[in-house]
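K.L.:
Enclosed is the structure file input.txt (compact mmCIF, C-alpha atoms).
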```txt
# COMPACT_ATOMS: atom_id res chain seq x y z
CA MET A 275 -42.15 64.84 29.52
CA LYS A 276 -42.02 62.02 32.11
CA ARG A 277 -45.75 61.40 31.68
CA LEU A 278 -45.26 61.37 27.92
CA ILE A 279 -42.51 58.74 28.20
CA PHE A 280 -44.56 56.60 30.59
CA THR A 281 -47.65 56.74 28.37
CA THR A 282 -45.65 55.86 25.28
CA LEU A 283 -43.98 52.85 26.89
CA LEU A 284 -47.28 51.66 28.39
CA VAL A 285 -49.17 51.86 25.08
CA SER A 286 -46.23 50.29 23.27
CA GLY A 287 -46.15 47.39 25.70
CA LEU A 288 -49.89 46.79 25.45
CA ALA A 289 -49.75 46.91 21.69
CA GLY A 290 -46.97 44.35 21.67
CA VAL A 291 -48.89 42.01 24.00
CA MET A 292 -52.29 42.33 22.33
CA ALA A 293 -51.13 42.22 18.73
CA PRO A 294 -47.77 40.59 18.01
CA GLY A 295 -46.02 42.61 15.34
CA ALA A 296 -48.34 45.57 15.89
CA PHE A 297 -45.43 47.99 16.00
CA ALA A 298 -43.94 47.27 12.64
CA GLN A 299 -45.65 44.27 11.08
CA GLN A 300 -42.21 42.64 11.27
CA ASP A 301 -41.36 40.10 8.60
CA SER A 302 -40.60 36.60 9.77
CA THR A 303 -38.27 34.00 8.31
CA LYS A 304 -40.04 31.22 10.15
CA LYS A 305 -43.25 31.35 8.10
CA LYS A 306 -44.01 31.43 4.43
CA SER A 307 -45.57 34.44 2.76
CA ASP A 308 -49.15 34.91 3.81
CA TYR A 309 -51.30 37.75 2.46
CA SER A 310 -54.92 38.62 3.12
CA GLU A 311 -57.07 41.21 1.39
CA GLY A 312 -59.74 43.44 2.84
CA HIS A 313 -61.63 46.40 1.37
CA GLY A 314 -59.34 46.50 -1.64
CA ILE A 315 -56.10 46.77 0.40
CA ILE A 316 -53.61 43.94 0.60
CA ILE A 317 -52.59 43.51 4.22
CA LYS A 318 -49.29 41.73 4.81
CA THR A 319 -49.18 39.42 7.80
CA HIS A 320 -45.97 37.47 7.20
CA ALA A 321 -43.17 37.30 4.67
CA SER A 322 -39.84 35.53 4.35
CA ASP A 323 -36.38 36.39 3.09
CA SER A 324 -36.93 33.88 0.31
CA THR A 325 -39.73 36.03 -1.13
CA LYS A 326 -38.47 37.42 -4.42
CA LYS A 327 -41.70 38.74 -5.92
CA GLY A 328 -42.89 42.20 -5.04
CA ARG A 329 -45.99 42.59 -2.86
CA PHE A 330 -48.36 45.35 -1.82
CA VAL A 331 -48.29 45.68 1.96
CA GLY A 332 -50.13 47.83 4.47
CA GLY A 333 -53.06 48.33 6.77
CA ILE A 334 -53.69 49.60 10.28
CA THR A 335 -50.60 49.71 12.45
CA PHE A 336 -49.06 51.37 15.49
CA THR A 337 -45.43 52.02 14.78
CA ARG A 338 -42.67 54.60 14.37
CA VAL A 339 -43.42 56.05 17.80
CA ASP A 340 -41.06 59.04 17.95
CA LEU A 341 -40.24 60.53 21.33
CA GLY A 342 -37.62 63.23 21.62
CA PHE A 343 -36.70 66.90 21.75
CA SER A 344 -37.55 69.88 19.54
CA ARG A 345 -35.35 72.85 18.72
CA LEU A 346 -36.18 76.18 17.08
CA ILE A 347 -33.79 77.43 14.40
CA ASP A 348 -33.94 81.16 13.79
CA ASN A 349 -32.55 81.90 10.32
CA GLY A 350 -29.89 79.22 10.67
CA SER A 351 -29.08 79.84 14.35
CA PHE A 352 -30.15 78.03 17.51
CA ASN A 353 -30.15 81.44 19.24
CA LEU A 354 -33.41 83.33 18.92
CA SER A 355 -33.32 86.80 17.40
CA PRO A 356 -34.60 89.80 19.44
CA THR A 357 -37.89 89.62 17.53
CA ASN A 358 -38.45 86.05 18.71
CA GLU A 359 -36.95 86.21 22.21
CA PHE A 360 -40.43 85.90 23.73
CA LEU A 361 -40.39 82.28 22.45
CA ASP A 362 -37.34 81.46 24.59
CA TYR A 363 -37.85 77.92 25.86
CA LYS A 364 -36.52 75.28 28.24
CA GLY A 365 -34.62 72.88 26.01
CA GLY A 366 -34.87 69.88 28.32
CA LYS A 367 -38.66 70.21 28.47
CA THR A 368 -39.38 71.13 24.85
CA SER A 369 -40.35 67.88 23.23
CA THR A 370 -41.89 66.09 20.27
CA PHE A 371 -44.14 63.05 20.10
CA SER A 372 -45.55 61.31 17.04
CA PHE A 373 -46.70 57.92 15.75
CA ASP A 374 -48.19 56.31 12.64
CA VAL A 375 -51.52 54.47 12.54
CA LEU A 376 -51.80 53.62 8.82
CA GLN A 377 -49.43 52.59 6.07
CA PHE A 378 -49.70 51.37 2.50
CA GLY A 379 -46.89 50.60 0.11
CA TYR A 380 -44.98 48.14 -2.02
CA ARG A 381 -42.19 45.79 -0.96
CA PHE A 382 -39.91 45.19 -3.93
CA ASN A 383 -37.86 42.57 -2.11
CA SER A 384 -36.77 41.63 1.38
CA ASN A 385 -34.43 44.61 1.61
CA PHE A 386 -36.37 47.52 0.07
CA LYS A 387 -39.85 48.96 0.50
CA ILE A 388 -41.64 52.23 -0.36
CA TYR A 389 -44.75 53.22 1.55
CA VAL A 390 -47.04 56.10 2.49
CA ALA A 391 -48.06 56.35 6.13
CA GLY A 392 -50.43 58.46 8.19
CA GLY A 393 -50.32 59.53 11.82
CA PHE A 394 -50.14 62.34 14.35
CA ASP A 395 -47.42 64.72 15.48
CA TRP A 396 -47.09 67.08 18.47
CA THR A 397 -44.51 69.79 19.19
CA LEU A 398 -44.51 70.91 22.84
CA ILE A 399 -42.60 74.13 23.60
CA ARG A 400 -42.02 74.90 27.29
CA LEU A 401 -41.76 78.69 27.46
CA ARG A 402 -39.39 80.28 29.98
CA ASP A 403 -41.13 83.61 30.41
CA ASN A 404 -44.40 84.35 32.18
CA ILE A 405 -46.27 85.40 29.06
CA THR A 406 -49.47 84.45 27.30
CA ILE A 407 -49.56 84.19 23.52
CA GLN A 408 -52.68 86.02 22.34
CA LYS A 409 -55.58 84.34 20.54
CA ASN A 410 -57.29 85.74 17.44
CA SER A 411 -54.53 88.27 16.87
CA PRO A 412 -53.42 89.46 13.40
CA ALA A 413 -49.81 88.75 14.43
CA LEU A 414 -48.05 86.46 16.88
CA THR A 415 -48.27 88.68 19.95
CA TYR A 416 -48.14 88.18 23.70
CA VAL A 417 -48.77 89.86 27.05
CA THR A 418 -46.49 89.67 30.07
CA GLU A 419 -48.31 88.25 33.09
CA PRO A 420 -47.87 89.50 36.69
CA ILE A 421 -47.76 85.94 37.99
CA GLU A 422 -45.32 83.04 37.76
CA PHE A 423 -46.28 79.91 35.85
CA SER A 424 -45.01 76.53 37.01
CA LYS A 425 -45.84 75.35 33.48
CA ASN A 426 -46.28 77.48 30.36
CA ARG A 427 -46.51 75.19 27.35
CA PHE A 428 -47.10 76.34 23.78
CA SER A 429 -47.85 73.44 21.45
CA SER A 430 -49.08 72.43 18.01
CA SER A 431 -50.61 69.21 16.72
CA TYR A 432 -50.60 67.96 13.14
CA VAL A 433 -51.76 65.07 11.00
CA HIS A 434 -48.69 63.96 9.08
CA ILE A 435 -48.36 61.93 5.88
CA PRO A 436 -44.81 60.69 5.26
CA LEU A 437 -43.51 58.96 2.14
CA ASN A 438 -40.82 56.58 3.37
CA PHE A 439 -38.07 54.67 1.63
CA GLU A 440 -36.99 51.74 3.76
CA PHE A 441 -33.70 49.88 3.39
CA ARG A 442 -32.95 46.95 5.67
CA THR A 443 -30.34 44.25 5.99
CA LYS A 444 -30.89 40.51 6.15
CA GLU A 445 -31.92 39.01 9.44
CA ASN A 446 -29.06 37.95 11.66
CA ASP A 447 -28.90 34.86 13.86
CA ARG A 448 -31.12 36.62 16.39
CA GLY A 449 -33.80 37.34 13.81
CA LYS A 450 -33.12 41.10 13.83
CA ARG A 451 -32.08 43.62 11.15
CA PHE A 452 -30.62 47.07 10.71
CA TYR A 453 -33.05 49.62 9.28
CA PHE A 454 -32.53 52.86 7.35
CA VAL A 455 -35.72 54.83 6.71
CA LEU A 456 -35.87 58.26 5.10
CA GLY A 457 -38.24 60.41 3.09
CA PRO A 458 -40.32 63.58 2.87
CA GLU A 459 -43.55 64.28 4.71
CA VAL A 460 -46.39 66.78 4.62
CA SER A 461 -48.45 67.75 7.69
CA PHE A 462 -51.79 69.49 8.21
CA LEU A 463 -52.49 71.57 11.30
CA LEU A 464 -55.11 70.34 13.75
CA ASN A 465 -54.76 73.09 16.35
CA GLY A 466 -52.49 75.14 18.53
CA LYS A 467 -52.72 75.06 22.30
CA ILE A 468 -51.49 76.86 25.41
CA LYS A 469 -51.46 75.09 28.76
CA GLN A 470 -50.59 77.12 31.85
CA ILE A 471 -50.41 76.20 35.52
CA SER A 472 -50.06 78.75 38.32
CA ASP A 473 -51.00 79.08 41.98
CA GLU A 474 -53.19 82.09 41.25
CA ARG A 475 -55.17 80.69 38.30
CA GLY A 476 -54.74 76.95 38.59
CA LYS A 477 -54.71 75.03 35.29
CA GLU A 478 -55.78 76.87 32.14
CA LYS A 479 -55.96 75.80 28.49
CA PHE A 480 -56.45 77.95 25.40
CA TYR A 481 -56.92 76.82 21.80
CA ASP A 482 -56.28 78.69 18.57
CA ASN A 483 -54.21 78.22 15.43
CA TYR A 484 -51.70 80.77 16.82
CA HIS A 485 -50.41 81.37 13.29
CA PHE A 486 -48.81 77.93 13.04
CA GLN A 487 -48.38 76.92 9.41
CA SER A 488 -51.58 75.23 8.19
CA VAL A 489 -49.47 73.01 5.91
CA ARG A 490 -45.99 71.96 6.97
CA TYR A 491 -43.47 69.98 4.95
CA GLY A 492 -40.14 68.45 5.87
CA GLY A 493 -38.07 65.29 5.92
CA THR A 494 -37.25 62.45 8.31
CA PHE A 495 -34.33 60.06 8.72
CA ARG A 496 -34.35 57.00 10.97
CA PHE A 497 -31.67 54.45 11.78
CA GLY A 498 -32.25 51.46 13.99
CA TYR A 499 -31.75 47.86 14.94
CA GLY A 500 -34.64 45.54 15.58
CA GLY A 501 -37.53 47.61 16.91
CA LEU A 502 -35.48 50.45 18.41
CA GLY A 503 -33.82 53.34 16.64
CA LEU A 504 -32.98 57.03 16.42
CA PHE A 505 -34.70 59.70 14.34
CA THR A 506 -34.24 63.28 13.23
CA LYS A 507 -36.77 65.55 11.50
CA TYR A 508 -36.36 68.91 9.85
CA TYR A 509 -39.16 71.11 8.54
CA PHE A 510 -38.33 73.15 5.45
CA ASN A 511 -40.96 75.87 5.70
CA ASP A 512 -41.33 78.40 8.51
CA MET A 513 -42.95 77.36 11.75
CA PHE A 514 -45.36 80.32 11.67
CA ASN A 515 -47.03 82.19 8.80
CA THR A 516 -46.34 85.67 10.26
CA PRO A 517 -43.81 88.05 8.61
CA ALA A 518 -42.07 88.78 11.94
CA GLN A 519 -41.25 85.08 12.37
CA ALA A 520 -39.92 84.58 8.82
CA GLY A 521 -37.00 82.14 8.86
CA LEU A 522 -37.98 80.53 12.18
CA LYS A 523 -37.99 76.76 11.63
CA ASN A 524 -38.30 73.62 13.69
CA MET A 525 -36.29 70.41 13.97
CA SER A 526 -36.49 67.43 16.30
CA PHE A 527 -34.52 64.33 17.25
CA GLY A 528 -34.87 61.41 19.61
CA ILE A 529 -35.76 57.74 19.95
CA THR A 530 -38.02 55.68 17.69
CA PHE A 531 -39.93 52.67 19.00
CA GLY A 532 -40.86 50.32 16.18
CA LEU A 533 -39.35 50.42 12.70
CA ASN A 534 -40.79 49.28 9.35
```
What's the structure tokens form of this structure?
P.N.:
Amino acid sequence: MKRLIFTTLLVSGLAGVMAPGAFAQQDSTKKKSDYSEGHGIIIKTHASDSTKKGRFVGGITFTRVDLGFSRLIDNGSFNLSPTNEFLDYKGGKTSTFSFDVLQFGYRFNSNFKIYVAGGFDWTLIRLRDNITIQKNSPALTYVTEPIEFSKNRFSSSYVHIPLNFEFRTKENDRGKRFYFVLGPEVSFLLNGKIKQISDERGKEKFYDNYHFQSVRYGGTFRFGYGGLGLFTKYYFNDMFNTPAQAGLKNMSFGITFGLN
């Protein structure tokens, strides 16, 4: 988790230095509207509060960097049922990390915008027990290991495509705004992964889909000021596609770097 935080802040800082406005393509009141077009997509570089006409905006970006914690919800409860007790996890080390790299949408005015984005999402579950989730199994099964793992992480990675509705206030005297961003998203599984570290075996990694949902859908809400905010995500369908894990869902919450 510490390495994840350090990497995020480092990349965020470099992005801010190398490309001003790279996080959120922030609008500026100091310059008039300036739009450029490439490959059929209108890319917004600057806009002002005085802009009244709607504009298409978008392009390559690096923003909405979400860093926080994940929680499993078992049929409405944060306590895992006996069937899912093998997924018992360390809450302080079970995390989420995501960011967007593309966005395209329409700004109706200075205060409201709708856009579709694209990016990547990871859920990292730090298992408590010394078990190994089995690959290529018809169900989500595990074996108990005779050794102790210093790290036993069970994770999934997705490509996500959110549809966001952004509401923001006028800029204050400091040139900053309050942001409210919410909307649904759909995600497509890239892979599942197990990373284990022990004295006996060293570092081991295993890859499989591990019955994670191939298509995941949910919703996100963000609230922030300037380039910093808070987020929460909830996924409506089950985390796994196995009958034994029916009703087991995932939510996350944490800090967002870059809003827009």
K.L.:
What does the distance from CA of Leu354 in chain A to CA of Lys507 in chain A come to in Å, to one decimal?
P.N.:
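So the answer is 19.6 Å.
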K.L.:
Within 6 Å of (-45.5, 70.0, 20.1) (coordinates as in the file), grab all the protein and nucleic acid residues, counting all atoms listed in the file, and write them out as a PyMOL selection string.
P.N.:
chain A and resi 370+396-398+429-430
K.L.:
So, with all atoms listed in the file as the atoms that count, which of A:Ser411, A:Asn404, A:Thr494, A:Thr368 lies closest to Ser424 in chain A?
P.N.:
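Result for the nearest residue to Ser424 in chain A: A:Asn404.
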K.L.:
Which protein, DNA or RNA residues have an atom at most 8 Å from (-51.9, 49.4, 7.5), counting all atoms listed in the file? List them as a short mmCIF file (atom, residue, chain, number, x, y, z; two decimals) with C-alpha atoms, in the coordinates of the input.
P.N.:
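Result file is point.cif:
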```
data_model
loop_
_atom_site.label_atom_id
_atom_site.label_comp_id
_atom_site.auth_asym_id
_atom_site.auth_seq_id
_atom_site.Cartn_x
_atom_site.Cartn_y
_atom_site.Cartn_z
CA ILE A 317 -52.59 43.51 4.22
CA VAL A 331 -48.29 45.68 1.96
CA GLY A 332 -50.13 47.83 4.47
CA GLY A 333 -53.06 48.33 6.77
CA ILE A 334 -53.69 49.60 10.28
CA THR A 335 -50.60 49.71 12.45
CA VAL A 375 -51.52 54.47 12.54
CA LEU A 376 -51.80 53.62 8.82
CA GLN A 377 -49.43 52.59 6.07
CA PHE A 378 -49.70 51.37 2.50
#
```
K.L.:
Tell me which protein, DNA and RNA residues are within 6 Å of range 459-467 of chain A, counting only C-alpha atoms, leaving out same-chain ones fewer than 6 positions away, and put them as a VMD selection string.
P.N.:
chain A and resid 428 to 437 480 to 484 488 to 493
K.L.:
Could you name the residues that touch Tyr453 in chain A at 9 Å or less, counting only C-alpha atoms, but leaving out those on the same chain fewer than 3 positions away, as a PyMOL selection string?
P.N.:
chain A and resi 440-443+496-500+503+533-534
K.L.:
Tell me which of A:Thr418, A:Asn446, A:Phe505, A:Phe352 sits closest to Gly532 in chain A, counting all atoms listed in the file.
P.N.:
A:Phe505
K.L.:
Work out how far CA of Leu414 in chain A is from CA of Thr506 in chain A, in Å to one decimal.
P.N.:
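Between CA of Thr506 in chain A and CA of Leu414 in chain A the gap is 27.2 Å.
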K.L.:
Using all atoms listed in the file, which residues sit within 10 Å of Tyr380 in chain A once same-chain residues fewer than 2 positions away are excluded, as a JSON list (two decimals) with C-alpha atoms, in the frame of the given file?
P.N.:
```json
[["chain", "number", "residue", "atom", "x", "y", "z"],
["A", 316, "ILE", "CA", -53.61, 43.94, 0.60],
["A", 328, "GLY", "CA", -42.89, 42.20, -5.04],
["A", 329, "ARG", "CA", -45.99, 42.59, -2.86],
["A", 330, "PHE", "CA", -48.36, 45.35, -1.82],
["A", 331, "VAL", "CA", -48.29, 45.68, 1.96],
["A", 332, "GLY", "CA", -50.13, 47.83, 4.47],
["A", 378, "PHE", "CA", -49.70, 51.37, 2.50],
["A", 382, "PHE", "CA", -39.91, 45.19, -3.93],
["A", 383, "ASN", "CA", -37.86, 42.57, -2.11],
["A", 386, "PHE", "CA", -36.37, 47.52, 0.07],
["A", 387, "LYS", "CA", -39.85, 48.96, 0.50],
["A", 388, "ILE", "CA", -41.64, 52.23, -0.36],
["A", 389, "TYR", "CA", -44.75, 53.22, 1.55],
["A", 390, "VAL", "CA", -47.04, 56.10, 2.49]]
```
K.L.:
Give the answer as one residue: which of A:Asp512, A:Val339, A:Arg381, A:Leu502 has the shortest atom-to-atom distance to Lys450 in chain A, using all atoms listed in the file?
P.N.:
A:Leu502
K.L.:
Which residues of range 345-374 of chain A have any atom within 10 Å of an atom in range 522-529 of chain A when counting only C-alpha atoms, and what is the closest pair of atoms for each, with the distance in Å to one decimal? Order the rows by chain and rising number and write it as JSON lines.
P.N.:
```
{"residue": "A:Arg345", "atom": "CA", "partner": "A:Met525", "partner_atom": "CA", "distance": 5.4}
{"residue": "A:Leu346", "atom": "CA", "partner": "A:Asn524", "partner_atom": "CA", "distance": 4.7}
{"residue": "A:Ile347", "atom": "CA", "partner": "A:Lys523", "partner_atom": "CA", "distance": 5.1}
{"residue": "A:Asp348", "atom": "CA", "partner": "A:Leu522", "partner_atom": "CA", "distance": 4.4}
{"residue": "A:Asn349", "atom": "CA", "partner": "A:Leu522", "partner_atom": "CA", "distance": 5.9}
{"residue": "A:Gly350", "atom": "CA", "partner": "A:Leu522", "partner_atom": "CA", "distance": 8.3}
{"residue": "A:Ser351", "atom": "CA", "partner": "A:Leu522", "partner_atom": "CA", "distance": 9.2}
{"residue": "A:Phe352", "atom": "CA", "partner": "A:Leu522", "partner_atom": "CA", "distance": 9.8}
{"residue": "A:Leu354", "atom": "CA", "partner": "A:Leu522", "partner_atom": "CA", "distance": 8.6}
{"residue": "A:Ser355", "atom": "CA", "partner": "A:Leu522", "partner_atom": "CA", "distance": 9.4}
{"residue": "A:Asn358", "atom": "CA", "partner": "A:Leu522", "partner_atom": "CA", "distance": 8.6}
{"residue": "A:Thr368", "atom": "CA", "partner": "A:Ser526", "partner_atom": "CA", "distance": 9.8}
{"residue": "A:Ser369", "atom": "CA", "partner": "A:Ser526", "partner_atom": "CA", "distance": 7.9}
{"residue": "A:Thr370", "atom": "CA", "partner": "A:Ser526", "partner_atom": "CA", "distance": 6.8}
{"residue": "A:Phe371", "atom": "CA", "partner": "A:Gly528", "partner_atom": "CA", "distance": 9.4}
```
K.L.:
Report, in Å with one decimal, the straight-line distance from CA of Thr415 in chain A to CA of Lys479 in chain A.
P.N.:
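Atom-to-atom, CA of Thr415 in chain A to CA of Lys479 in chain A, that is 17.3 Å.
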